[in-house]
$ cat work.tsv   # TSV, C-alpha atoms
chain	number	residue	atom	x	y	z
A	71	MET	CA	34.64	-13.23	4.41
A	72	LEU	CA	31.93	-10.58	4.08
A	73	ALA	CA	33.27	-9.52	0.69
A	74	ASP	CA	33.37	-13.14	-0.48
A	75	LEU	CA	29.83	-13.83	0.74
A	76	THR	CA	28.52	-10.68	-0.94
A	77	ALA	CA	30.32	-11.43	-4.20
A	78	GLY	CA	28.95	-14.98	-4.20
A	79	ALA	CA	25.41	-13.76	-3.55
A	80	VAL	CA	25.68	-11.28	-6.42
A	81	GLN	CA	27.01	-13.97	-8.76
A	82	ASP	CA	24.12	-16.24	-7.86
A	83	ALA	CA	21.66	-13.39	-8.46
A	84	GLU	CA	23.23	-12.75	-11.87
A	85	ALA	CA	22.75	-16.42	-12.73
A	86	ARG	CA	19.08	-16.18	-11.76
A	87	ALA	CA	18.77	-12.99	-13.83
A	88	SER	CA	19.86	-14.88	-16.94
A	89	ALA	CA	16.78	-17.06	-16.52
A	90	LYS	CA	14.42	-14.35	-15.23
A	91	PRO	CA	15.35	-10.85	-16.42
A	92	LEU	CA	15.03	-7.75	-14.29
A	93	ALA	CA	11.84	-6.60	-16.02
A	94	ALA	CA	10.11	-9.91	-15.25
A	95	VAL	CA	11.19	-9.81	-11.61
A	96	GLU	CA	10.04	-6.20	-11.30
A	97	ALA	CA	6.63	-7.12	-12.71
A	98	ALA	CA	6.35	-10.01	-10.24
A	99	ALA	CA	7.37	-7.72	-7.37
A	100	LEU	CA	4.77	-5.10	-8.28
A	101	ALA	CA	2.08	-7.77	-8.61
A	102	ARG	CA	2.56	-8.94	-5.04
A	103	PRO	CA	0.05	-7.92	-2.36
A	104	ALA	CA	1.30	-5.05	-0.22
A	105	ALA	CA	4.04	-5.88	2.26
A	106	LEU	CA	3.15	-6.10	5.94
A	107	ASP	CA	4.06	-3.18	8.21
A	108	ALA	CA	7.14	-4.56	9.93
A	109	LEU	CA	7.85	-1.38	11.89
A	110	ALA	CA	4.45	-1.68	13.54
A	111	ALA	CA	5.03	-5.36	14.28
A	112	LEU	CA	8.44	-4.64	15.85
A	113	ALA	CA	7.60	-1.34	17.56
A	114	PRO	CA	8.93	-0.90	21.12
A	115	ALA	CA	6.72	-2.48	23.76
A	116	ASP	CA	6.80	-3.46	27.44
A	117	ARG	CA	8.63	-6.65	26.53
A	118	VAL	CA	11.24	-7.62	24.00
A	119	LYS	CA	10.15	-8.79	20.56
A	120	ILE	CA	11.87	-11.59	18.70
A	121	ILE	CA	12.73	-12.10	15.04
A	122	ALA	CA	13.04	-15.88	14.74
A	123	GLU	CA	15.34	-17.17	12.03
A	124	VAL	CA	15.11	-20.11	9.65
A	125	LYS	CA	18.79	-21.01	9.43
A	126	ARG	CA	20.29	-24.31	8.30
A	127	ALA	CA	23.99	-23.49	8.49
A	128	SER	CA	26.54	-20.71	8.83
A	129	PRO	CA	30.21	-20.19	7.92
A	130	SER	CA	31.17	-20.00	11.60
A	131	ARG	CA	29.17	-22.99	12.90
A	132	GLY	CA	28.72	-25.25	9.89
A	133	ASP	CA	25.52	-27.30	9.66
A	134	LEU	CA	22.97	-26.47	12.35
A	135	ALA	CA	19.72	-28.18	11.34
A	136	ALA	CA	18.32	-29.79	8.20
A	137	ILE	CA	14.97	-27.92	8.33
A	138	PRO	CA	13.30	-30.01	5.61
A	139	ASP	CA	10.08	-28.02	6.05
A	140	PRO	CA	10.79	-24.28	6.56
A	141	ALA	CA	7.06	-23.53	6.55
A	142	LEU	CA	6.56	-25.81	9.56
A	143	GLN	CA	9.51	-24.20	11.33
A	144	ALA	CA	7.98	-20.78	10.75
A	145	ARG	CA	4.57	-21.88	12.03
A	146	LEU	CA	6.23	-23.07	15.22
A	147	TYR	CA	7.90	-19.69	15.56
A	148	GLU	CA	4.55	-17.97	15.14
A	149	GLN	CA	3.02	-20.32	17.72
A	150	GLY	CA	5.85	-19.52	20.12
A	151	GLY	CA	5.25	-15.78	19.96
A	152	ALA	CA	7.78	-14.46	17.43
A	153	SER	CA	6.97	-11.04	15.98
A	154	ALA	CA	8.68	-11.65	12.62
A	155	ILE	CA	10.47	-14.44	10.75
A	156	SER	CA	13.93	-14.14	9.22
A	157	VAL	CA	14.79	-16.49	6.35
A	158	LEU	CA	18.38	-17.04	5.23
A	159	THR	CA	18.22	-17.17	1.44
A	160	GLU	CA	21.97	-17.39	0.76
A	161	GLY	CA	22.71	-20.80	-0.70
A	162	ARG	CA	26.47	-21.31	-0.67
A	163	ARG	CA	27.28	-21.15	3.04
A	164	PHE	CA	23.87	-20.89	4.71
A	165	LYS	CA	22.06	-23.48	2.52
A	166	GLY	CA	19.00	-21.29	2.08
A	167	SER	CA	16.96	-20.19	-0.93
A	168	LEU	CA	14.22	-17.86	-2.09
A	169	ALA	CA	12.00	-20.94	-2.19
A	170	ASP	CA	12.39	-21.13	1.59
A	171	LEU	CA	11.21	-17.54	1.87
A	172	GLU	CA	8.21	-18.18	-0.37
A	173	ALA	CA	7.25	-21.23	1.68
A	174	VAL	CA	7.51	-19.30	4.94
A	175	LYS	CA	5.55	-16.35	3.59
A	176	GLY	CA	2.73	-18.67	2.59
A	177	ALA	CA	2.62	-20.29	6.02
A	178	VAL	CA	2.50	-17.42	8.52
A	179	ALA	CA	0.81	-14.07	9.05
A	180	LEU	CA	3.98	-12.42	10.39
A	181	PRO	CA	6.35	-10.10	8.52
A	182	VAL	CA	9.12	-12.05	6.78
A	183	LEU	CA	12.71	-10.82	6.39
A	184	ARG	CA	14.95	-11.77	3.49
A	185	LYS	CA	18.34	-12.19	5.16
A	186	ASP	CA	21.05	-12.31	2.53
A	187	PHE	CA	23.98	-10.34	1.19
A	188	ILE	CA	22.04	-7.74	-0.75
A	189	ALA	CA	24.06	-5.48	-3.03
A	190	ASN	CA	21.93	-4.61	-6.06
A	191	GLU	CA	18.43	-3.75	-7.22
A	192	TYR	CA	17.74	-7.17	-8.71
A	193	GLN	CA	18.10	-8.81	-5.29
A	194	VAL	CA	15.73	-6.28	-3.73
A	195	LEU	CA	13.12	-6.82	-6.42
A	196	GLU	CA	13.31	-10.61	-6.20
A	197	ALA	CA	12.89	-10.32	-2.42
A	198	ARG	CA	9.56	-8.52	-2.93
A	199	ALA	CA	8.59	-10.93	-5.69
A	200	ALA	CA	9.13	-13.81	-3.26
A	201	GLY	CA	6.97	-12.09	-0.64
A	202	ALA	CA	9.52	-10.45	1.65
A	203	ASP	CA	8.26	-7.70	3.95
A	204	LEU	CA	11.76	-6.76	5.14
A	205	VAL	CA	15.18	-6.83	3.49
A	206	LEU	CA	18.56	-6.87	5.23
A	207	LEU	CA	21.17	-4.29	4.27
A	208	ILE	CA	24.64	-4.75	5.77
A	209	VAL	CA	26.38	-1.39	6.06
A	210	ALA	CA	29.86	-2.91	6.02
A	211	ALA	CA	29.19	-4.53	2.64
A	212	LEU	CA	27.99	-1.40	0.82
A	213	GLU	CA	29.32	1.99	-0.22
A	214	GLN	CA	27.19	4.79	1.20
A	215	ASP	CA	25.59	5.74	-2.13
A	216	VAL	CA	24.62	2.11	-2.78
A	217	LEU	CA	23.31	1.72	0.77
A	218	GLU	CA	21.15	4.81	0.36
A	219	ARG	CA	19.90	3.79	-3.08
A	220	LEU	CA	18.89	0.28	-1.98
A	221	HIS	CA	17.33	1.63	1.23
A	222	THR	CA	15.19	3.98	-0.87
A	223	LEU	CA	14.15	1.22	-3.28
A	224	ILE	CA	13.12	-1.08	-0.43
A	225	LEU	CA	10.92	1.68	0.97
A	226	GLU	CA	9.45	2.48	-2.46
A	227	LEU	CA	8.41	-1.16	-2.77
A	228	GLY	CA	6.59	-0.90	0.56
A	229	MET	CA	9.06	-3.05	2.48
A	230	THR	CA	11.14	-2.23	5.55
A	231	PRO	CA	14.95	-2.18	5.47
A	232	LEU	CA	16.75	-3.75	8.43
A	233	VAL	CA	20.08	-1.91	8.39
A	234	GLU	CA	22.78	-3.97	10.10
A	235	THR	CA	25.79	-2.34	11.75
A	236	HIS	CA	28.94	-3.48	13.56
A	237	SER	CA	30.53	-0.21	14.75
A	238	GLY	CA	29.76	3.33	15.82
A	239	ALA	CA	30.71	4.65	12.40
A	240	GLU	CA	28.30	2.21	10.76
A	241	VAL	CA	25.47	3.24	13.11
A	242	ASP	CA	26.13	6.83	12.08
A	243	ARG	CA	25.93	5.82	8.41
A	244	ALA	CA	22.60	4.09	9.05
A	245	ALA	CA	21.32	7.20	10.79
A	246	GLN	CA	22.42	9.40	7.88
A	247	ILE	CA	20.07	7.60	5.47
A	248	GLY	CA	17.16	7.80	7.90
A	249	ALA	CA	17.04	4.11	8.83
A	250	ARG	CA	14.15	3.33	11.17
A	251	LEU	CA	15.12	-0.28	11.93
A	252	ILE	CA	18.77	-0.56	12.95
A	253	GLY	CA	20.50	-3.76	14.03
A	254	VAL	CA	23.79	-4.22	15.84
A	255	ASN	CA	25.39	-7.57	15.06
A	256	ALA	CA	27.61	-8.92	17.84
A	257	ARG	CA	29.50	-11.09	15.34
A	258	ASN	CA	32.63	-9.61	13.81
A	259	LEU	CA	32.27	-10.46	10.12
A	260	SER	CA	36.04	-10.56	9.65
A	261	THR	CA	36.98	-12.83	12.56
A	262	PHE	CA	33.53	-14.28	13.41
A	263	GLU	CA	34.23	-13.56	17.08
A	264	LEU	CA	31.25	-12.56	19.23
A	265	ASP	CA	31.01	-9.50	21.47
A	266	ARG	CA	27.70	-9.53	23.33
A	267	ASP	CA	28.46	-6.11	24.84
A	268	LEU	CA	28.80	-4.37	21.48
A	269	PHE	CA	25.09	-3.54	21.35
A	270	GLY	CA	25.23	-1.82	24.73
A	271	ARG	CA	28.21	0.28	23.67
A	272	LEU	CA	26.49	1.44	20.48
A	273	VAL	CA	22.84	1.75	21.50
A	274	ASP	CA	23.07	5.43	22.48
A	275	ARG	CA	24.22	6.28	18.94
A	276	ILE	CA	21.04	4.81	17.42
A	277	PRO	CA	18.47	7.57	16.79
A	278	GLY	CA	15.65	7.68	19.28
A	279	ASP	CA	12.96	7.14	16.66
A	280	ALA	CA	14.57	3.96	15.35
A	281	VAL	CA	13.68	0.42	16.46
A	282	LYS	CA	16.80	-1.12	18.03
A	283	VAL	CA	17.65	-4.72	17.12
A	284	ALA	CA	20.30	-6.87	18.82
A	285	GLU	CA	21.67	-9.64	16.59
A	286	SER	CA	23.82	-12.72	17.35
A	287	ALA	CA	25.21	-14.15	20.59
A	288	VAL	CA	21.75	-15.26	21.75
A	289	LEU	CA	21.85	-18.80	23.09
A	290	SER	CA	20.01	-18.54	26.42
A	291	PRO	CA	17.30	-16.54	28.21
A	292	ALA	CA	20.11	-14.71	30.02
A	293	ASP	CA	21.37	-13.40	26.68
A	294	VAL	CA	17.92	-12.03	25.85
A	295	ALA	CA	17.68	-10.41	29.29
A	296	HIS	CA	21.14	-8.91	28.78
A	297	TYR	CA	20.14	-7.31	25.48
A	298	ARG	CA	16.81	-6.11	26.85
A	299	GLY	CA	18.60	-4.53	29.79
A	300	ALA	CA	20.93	-2.76	27.37
A	301	GLY	CA	17.99	-1.21	25.54
A	302	ALA	CA	17.09	-3.64	22.73
A	303	ASP	CA	13.54	-3.44	21.42
A	304	VAL	CA	14.01	-6.58	19.32
A	305	VAL	CA	16.35	-9.57	19.44
A	306	LEU	CA	17.11	-11.68	16.37
A	307	VAL	CA	17.61	-15.36	17.22
A	308	GLY	CA	18.66	-18.18	14.92
A	309	GLU	CA	20.89	-20.99	16.15
A	310	ALA	CA	19.21	-21.36	19.55
A	311	LEU	CA	15.83	-21.93	17.88
A	312	VAL	CA	16.84	-24.38	15.15
A	313	THR	CA	18.77	-26.57	17.61
A	314	SER	CA	16.01	-26.86	20.24
A	315	ASP	CA	12.25	-27.05	20.60
A	316	PRO	CA	11.42	-23.63	19.13
A	317	VAL	CA	8.15	-23.04	20.96
A	318	THR	CA	9.59	-23.81	24.40
A	319	THR	CA	12.71	-21.77	23.69
A	320	LEU	CA	10.76	-18.79	22.41
A	321	ASN	CA	8.52	-18.84	25.47
A	322	ALA	CA	11.57	-18.79	27.74
A	323	PHE	CA	13.25	-16.02	25.75
A	324	LEU	CA	10.14	-13.85	25.74
A	325	GLU	CA	9.69	-14.30	29.47
A	326	ALA	CA	13.32	-13.30	30.02
A	327	GLY	CA	12.80	-10.17	27.96
A	328	ALA	CA	9.65	-9.01	29.74
$ encode --input "work.tsv" --output "structure tokens"
Amino acid sequence: MLADLTAGAVQDAEARASAKPLAAVEAAALARPAALDALAALAPADRVKIIAEVKRASPSRGDLAAIPDPALQARLYEQGGASAISVLTEGRRFKGSLADLEAVKGAVALPVLRKDFIANEYQVLEARAAGADLVLLIVAALEQDVLERLHTLILELGMTPLVETHSGAEVDRAAQIGARLIGVNARNLSTFELDRDLFGRLVDRIPGDAVKVAESAVLSPADVAHYRGAGADVVLVGEALVTSDPVTTLNAFLEAGA
């Protein structure tokens, strides 16, 4: 599934590149105002921080919410106390787009993450051109040299890479490239099964100077408290926010993670 999603995302990027060549996207990326400092926004504090996600659908859950106005959704997240906004830009299975990211970026003062299946330089450059402050890199989807190259490019463009892992070996690979924002995703990308305890088993392998992000399996305040107790600095939440009143839910989650 991960290989298929990544291949589809690359194909879609290649189609966009036929209309807007790499040089044009690079020029647009360099013309953007400087990215926000996401590491500062997500730095460890006396309470958990939340990355709130604009997410219409997923391969495992199908349709979640229509979200006709992603900018409004993001403003509600900001009102509720989120520290950053994640925007799914993958169109085939998650029903997102770069237009969603641009709309969100124009609506909030928080750092914005492009969450997609990033595998080449064009995708990184178009993320910056659309206003992204952070870009997701999934270790399992990338060879180590590609992971390192894209990580370096993201930093050179002034953005922050969120390096997502699913195993101890992947955490070690993230550490090897000097990742400062490391996520552990509880969802197995082969079976889509969830393991909420995976973060706790891997957290000690994350370097001490890295911000630790728990991803997936967050549906209740108890889940946030569980991750905070295991050592998470940040929790990424999607489904629970798009299927409820986001402000009320964020308030409850933040209180649980105090």
$ residues_near_point --input "work.tsv" --point "(12.6, -11.5, 21.3)" --cutoff "10 Å" --atoms "only C-alpha atoms" --output "PyMOL selection string"
chain A and resi 112+117-122+151-154+283-284+288+291+294-295+297-298+302-307+320-328
$ write_last_selection --input "work.tsv" --atoms "C-alpha atoms" --output "PDB file, in the frame of the given file"
ATOM      1  CA  LEU A 112       8.440  -4.640  15.850  1.00  0.00           C
ATOM      2  CA  ARG A 117       8.630  -6.650  26.530  1.00  0.00           C
ATOM      3  CA  VAL A 118      11.240  -7.620  24.000  1.00  0.00           C
ATOM      4  CA  LYS A 119      10.150  -8.790  20.560  1.00  0.00           C
ATOM      5  CA  ILE A 120      11.870 -11.590  18.700  1.00  0.00           C
ATOM      6  CA  ILE A 121      12.730 -12.100  15.040  1.00  0.00           C
ATOM      7  CA  ALA A 122      13.040 -15.880  14.740  1.00  0.00           C
ATOM      8  CA  GLY A 151       5.250 -15.780  19.960  1.00  0.00           C
ATOM      9  CA  ALA A 152       7.780 -14.460  17.430  1.00  0.00           C
ATOM     10  CA  SER A 153       6.970 -11.040  15.980  1.00  0.00           C
ATOM     11  CA  ALA A 154       8.680 -11.650  12.620  1.00  0.00           C
ATOM     12  CA  VAL A 283      17.650  -4.720  17.120  1.00  0.00           C
ATOM     13  CA  ALA A 284      20.300  -6.870  18.820  1.00  0.00           C
ATOM     14  CA  VAL A 288      21.750 -15.260  21.750  1.00  0.00           C
ATOM     15  CA  PRO A 291      17.300 -16.540  28.210  1.00  0.00           C
ATOM     16  CA  VAL A 294      17.920 -12.030  25.850  1.00  0.00           C
ATOM     17  CA  ALA A 295      17.680 -10.410  29.290  1.00  0.00           C
ATOM     18  CA  TYR A 297      20.140  -7.310  25.480  1.00  0.00           C
ATOM     19  CA  ARG A 298      16.810  -6.110  26.850  1.00  0.00           C
ATOM     20  CA  ALA A 302      17.090  -3.640  22.730  1.00  0.00           C
ATOM     21  CA  ASP A 303      13.540  -3.440  21.420  1.00  0.00           C
ATOM     22  CA  VAL A 304      14.010  -6.580  19.320  1.00  0.00           C
ATOM     23  CA  VAL A 305      16.350  -9.570  19.440  1.00  0.00           C
ATOM     24  CA  LEU A 306      17.110 -11.680  16.370  1.00  0.00           C
ATOM     25  CA  VAL A 307      17.610 -15.360  17.220  1.00  0.00           C
ATOM     26  CA  LEU A 320      10.760 -18.790  22.410  1.00  0.00           C
ATOM     27  CA  ASN A 321       8.520 -18.840  25.470  1.00  0.00           C
ATOM     28  CA  ALA A 322      11.570 -18.790  27.740  1.00  0.00           C
ATOM     29  CA  PHE A 323      13.250 -16.020  25.750  1.00  0.00           C
ATOM     30  CA  LEU A 324      10.140 -13.850  25.740  1.00  0.00           C
ATOM     31  CA  GLU A 325       9.690 -14.300  29.470  1.00  0.00           C
ATOM     32  CA  ALA A 326      13.320 -13.300  30.020  1.00  0.00           C
ATOM     33  CA  GLY A 327      12.800 -10.170  27.960  1.00  0.00           C
ATOM     34  CA  ALA A 328       9.650  -9.010  29.740  1.00  0.00           C
TER      35      ALA A 328
END
$ atom_distance --input "work.tsv" --atom1 "CA of Ala280 in chain A" --atom2 "CA of Ala73 in chain A"
27.3 Å
$ closest_residue --input "work.tsv" --among "A:Ser88, A:Ser290, A:Thr318, A:Thr261" --to "Pro129 in chain A" --atoms "all atoms listed in the file"
A:Thr261
$ closest_residue --input "work.tsv" --among "A:Val209, A:Thr222, A:Ile276, A:Ala310" --to "Leu72 in chain A" --atoms "only C-alpha atoms"
A:Val209
$ atom_distance --input "work.tsv" --atom1 "CA of Glu240 in chain A" --atom2 "CA of Gly161 in chain A"
26.3 Å
$ residues_around --input "work.tsv" --residues "Leu180 in chain A" --least-positions-apart "6" --cutoff "12 Å" --atoms "only C-alpha atoms" --output "list in words"
Ala105, Leu106, Asp107, Ala108, Leu109, Ala110, Ala111, Leu112, Ile120, Ile121, Ala122, Ala144, Arg145, Leu146, Tyr147, Glu148, Gln149, Gly151, Ala152, Ser153, Ala154, Ile155, Ser156, Val174, Gly201, Ala202, Asp203 and Leu204 of chain A
$ closest_residue --input "work.tsv" --among "A:Ala85, A:Leu75, A:Val205, A:Leu227" --to "Ala97 in chain A" --atoms "only C-alpha atoms"
A:Leu227
$ atom_distance --input "work.tsv" --atom1 "CA of Arg250 in chain A" --atom2 "CA of Ala99 in chain A"
22.6 Å
$ residues_near_point --input "work.tsv" --point "(15.5, -28.5, 9.6)" --cutoff "10 Å" --atoms "only C-alpha atoms" --output "CSV table (one decimal) with C-alpha atoms, in the coordinates of the input"
chain,number,residue,atom,x,y,z
A,124,VAL,CA,15.1,-20.1,9.6
A,125,LYS,CA,18.8,-21.0,9.4
A,126,ARG,CA,20.3,-24.3,8.3
A,127,ALA,CA,24.0,-23.5,8.5
A,134,LEU,CA,23.0,-26.5,12.4
A,135,ALA,CA,19.7,-28.2,11.3
A,136,ALA,CA,18.3,-29.8,8.2
A,137,ILE,CA,15.0,-27.9,8.3
A,138,PRO,CA,13.3,-30.0,5.6
A,139,ASP,CA,10.1,-28.0,6.0
A,140,PRO,CA,10.8,-24.3,6.6
A,142,LEU,CA,6.6,-25.8,9.6
A,143,GLN,CA,9.5,-24.2,11.3
A,312,VAL,CA,16.8,-24.4,15.2
A,313,THR,CA,18.8,-26.6,17.6
$ closest_residue --input "work.tsv" --among "A:Ala101, A:Ala77, A:Val317, A:Leu289" --to "Phe187 in chain A" --atoms "only C-alpha atoms"
A:Ala77
$ residues_around --input "work.tsv" --residues "Asp170 in chain A" --least-positions-apart "3" --cutoff "8 Å" --atoms "all atoms listed in the file" --output "count of residues only"
8
$ closest_residue --input "work.tsv" --among "A:Ala87, A:Ala98, A:Leu158, A:Ala93" --to "Arg198 in chain A" --atoms "only C-alpha atoms"
A:Ala98
$ residues_around --input "work.tsv" --residues "Arg266 in chain A" --least-positions-apart "3" --cutoff "9 Å" --atoms "only C-alpha atoms" --output "PyMOL selection string"
chain A and resi 255-257+269-270+286-288+293+296-297
$ residues_around --input "work.tsv" --residues "Ala83 in chain A" --least-positions-apart "5" --cutoff "9 Å" --atoms "all atoms listed in the file" --output "number ranges by chain"
A: 78, 88, 192-193
$ closest_residue --input "work.tsv" --among "A:Val80, A:Ala199, A:Ile247, A:Ala177" --to "Arg219 in chain A" --atoms "only C-alpha atoms"
A:Ile247
$ build_atoms --input "work.tsv" --residues "range 218-227 of chain A" --atoms "all heavy atoms" --output "PDB file, in the coordinates of the input"
ATOM      1  N   GLU A 218      22.270   3.875   0.411  1.00  0.00           N
ATOM      2  CA  GLU A 218      21.150   4.810   0.360  1.00  0.00           C
ATOM      3  C   GLU A 218      20.187   4.469  -0.778  1.00  0.00           C
ATOM      4  O   GLU A 218      18.961   4.503  -0.608  1.00  0.00           O
ATOM      5  CB  GLU A 218      21.660   6.238   0.210  1.00  0.00           C
ATOM      6  CG  GLU A 218      20.569   7.294   0.273  1.00  0.00           C
ATOM      7  CD  GLU A 218      21.103   8.697   0.412  1.00  0.00           C
ATOM      8  OE1 GLU A 218      22.319   8.906   0.237  1.00  0.00           O
ATOM      9  OE2 GLU A 218      20.296   9.598   0.704  1.00  0.00           O
ATOM     10  N   ARG A 219      20.733   4.105  -1.921  1.00  0.00           N
ATOM     11  CA  ARG A 219      19.900   3.790  -3.080  1.00  0.00           C
ATOM     12  C   ARG A 219      19.039   2.547  -2.827  1.00  0.00           C
ATOM     13  O   ARG A 219      17.844   2.532  -3.125  1.00  0.00           O
ATOM     14  CB  ARG A 219      20.786   3.582  -4.304  1.00  0.00           C
ATOM     15  CG  ARG A 219      20.011   3.450  -5.612  1.00  0.00           C
ATOM     16  CD  ARG A 219      20.928   3.464  -6.811  1.00  0.00           C
ATOM     17  NE  ARG A 219      21.685   2.219  -6.943  1.00  0.00           N
ATOM     18  CZ  ARG A 219      23.003   2.135  -6.871  1.00  0.00           C
ATOM     19  NH1 ARG A 219      23.744   3.211  -6.637  1.00  0.00           N
ATOM     20  NH2 ARG A 219      23.615   0.960  -7.036  1.00  0.00           N
ATOM     21  N   LEU A 220      19.644   1.510  -2.265  1.00  0.00           N
ATOM     22  CA  LEU A 220      18.890   0.280  -1.980  1.00  0.00           C
ATOM     23  C   LEU A 220      17.874   0.508  -0.866  1.00  0.00           C
ATOM     24  O   LEU A 220      16.753  -0.023  -0.907  1.00  0.00           O
ATOM     25  CB  LEU A 220      19.842  -0.853  -1.633  1.00  0.00           C
ATOM     26  CG  LEU A 220      20.797  -1.287  -2.754  1.00  0.00           C
ATOM     27  CD1 LEU A 220      21.680  -2.431  -2.273  1.00  0.00           C
ATOM     28  CD2 LEU A 220      20.045  -1.682  -4.014  1.00  0.00           C
ATOM     29  N   HIS A 221      18.250   1.295   0.131  1.00  0.00           N
ATOM     30  CA  HIS A 221      17.330   1.630   1.230  1.00  0.00           C
ATOM     31  C   HIS A 221      16.096   2.325   0.662  1.00  0.00           C
ATOM     32  O   HIS A 221      14.952   1.997   1.028  1.00  0.00           O
ATOM     33  CB  HIS A 221      18.073   2.537   2.226  1.00  0.00           C
ATOM     34  CG  HIS A 221      17.312   2.856   3.468  1.00  0.00           C
ATOM     35  ND1 HIS A 221      16.470   3.943   3.563  1.00  0.00           N
ATOM     36  CD2 HIS A 221      17.250   2.237   4.679  1.00  0.00           C
ATOM     37  CE1 HIS A 221      15.955   3.993   4.776  1.00  0.00           C
ATOM     38  NE2 HIS A 221      16.393   2.967   5.468  1.00  0.00           N
ATOM     39  N   THR A 222      16.309   3.262  -0.257  1.00  0.00           N
ATOM     40  CA  THR A 222      15.190   3.980  -0.870  1.00  0.00           C
ATOM     41  C   THR A 222      14.317   3.051  -1.686  1.00  0.00           C
ATOM     42  O   THR A 222      13.083   3.112  -1.620  1.00  0.00           O
ATOM     43  CB  THR A 222      15.728   5.122  -1.751  1.00  0.00           C
ATOM     44  OG1 THR A 222      16.455   6.050  -0.949  1.00  0.00           O
ATOM     45  CG2 THR A 222      14.597   5.858  -2.451  1.00  0.00           C
ATOM     46  N   LEU A 223      14.929   2.150  -2.456  1.00  0.00           N
ATOM     47  CA  LEU A 223      14.150   1.220  -3.280  1.00  0.00           C
ATOM     48  C   LEU A 223      13.308   0.297  -2.414  1.00  0.00           C
ATOM     49  O   LEU A 223      12.132   0.042  -2.725  1.00  0.00           O
ATOM     50  CB  LEU A 223      15.095   0.395  -4.162  1.00  0.00           C
ATOM     51  CG  LEU A 223      14.427  -0.694  -5.023  1.00  0.00           C
ATOM     52  CD1 LEU A 223      13.402  -0.087  -5.972  1.00  0.00           C
ATOM     53  CD2 LEU A 223      15.480  -1.484  -5.785  1.00  0.00           C
ATOM     54  N   ILE A 224      13.877  -0.201  -1.336  1.00  0.00           N
ATOM     55  CA  ILE A 224      13.120  -1.080  -0.430  1.00  0.00           C
ATOM     56  C   ILE A 224      11.881  -0.356   0.083  1.00  0.00           C
ATOM     57  O   ILE A 224      10.771  -0.912   0.100  1.00  0.00           O
ATOM     58  CB  ILE A 224      14.018  -1.548   0.731  1.00  0.00           C
ATOM     59  CG1 ILE A 224      15.107  -2.498   0.200  1.00  0.00           C
ATOM     60  CG2 ILE A 224      13.198  -2.246   1.809  1.00  0.00           C
ATOM     61  CD1 ILE A 224      16.231  -2.747   1.189  1.00  0.00           C
ATOM     62  N   LEU A 225      12.057   0.893   0.477  1.00  0.00           N
ATOM     63  CA  LEU A 225      10.920   1.680   0.970  1.00  0.00           C
ATOM     64  C   LEU A 225       9.903   1.926  -0.139  1.00  0.00           C
ATOM     65  O   LEU A 225       8.684   1.839   0.091  1.00  0.00           O
ATOM     66  CB  LEU A 225      11.409   3.001   1.541  1.00  0.00           C
ATOM     67  CG  LEU A 225      12.239   2.933   2.822  1.00  0.00           C
ATOM     68  CD1 LEU A 225      12.800   4.299   3.166  1.00  0.00           C
ATOM     69  CD2 LEU A 225      11.409   2.390   3.981  1.00  0.00           C
ATOM     70  N   GLU A 226      10.369   2.222  -1.338  1.00  0.00           N
ATOM     71  CA  GLU A 226       9.450   2.480  -2.460  1.00  0.00           C
ATOM     72  C   GLU A 226       8.606   1.257  -2.774  1.00  0.00           C
ATOM     73  O   GLU A 226       7.459   1.390  -3.236  1.00  0.00           O
ATOM     74  CB  GLU A 226      10.249   2.907  -3.687  1.00  0.00           C
ATOM     75  CG  GLU A 226      10.832   4.313  -3.580  1.00  0.00           C
ATOM     76  CD  GLU A 226      11.719   4.676  -4.761  1.00  0.00           C
ATOM     77  OE1 GLU A 226      12.081   3.761  -5.539  1.00  0.00           O
ATOM     78  OE2 GLU A 226      12.054   5.865  -4.897  1.00  0.00           O
ATOM     79  N   LEU A 227       9.156   0.072  -2.534  1.00  0.00           N
ATOM     80  CA  LEU A 227       8.410  -1.160  -2.770  1.00  0.00           C
ATOM     81  C   LEU A 227       7.508  -1.538  -1.602  1.00  0.00           C
ATOM     82  O   LEU A 227       6.862  -2.591  -1.628  1.00  0.00           O
ATOM     83  CB  LEU A 227       9.387  -2.306  -3.072  1.00  0.00           C
ATOM     84  CG  LEU A 227      10.124  -2.201  -4.416  1.00  0.00           C
ATOM     85  CD1 LEU A 227      11.263  -3.217  -4.476  1.00  0.00           C
ATOM     86  CD2 LEU A 227       9.162  -2.402  -5.575  1.00  0.00           C
TER      87      LEU A 227
END
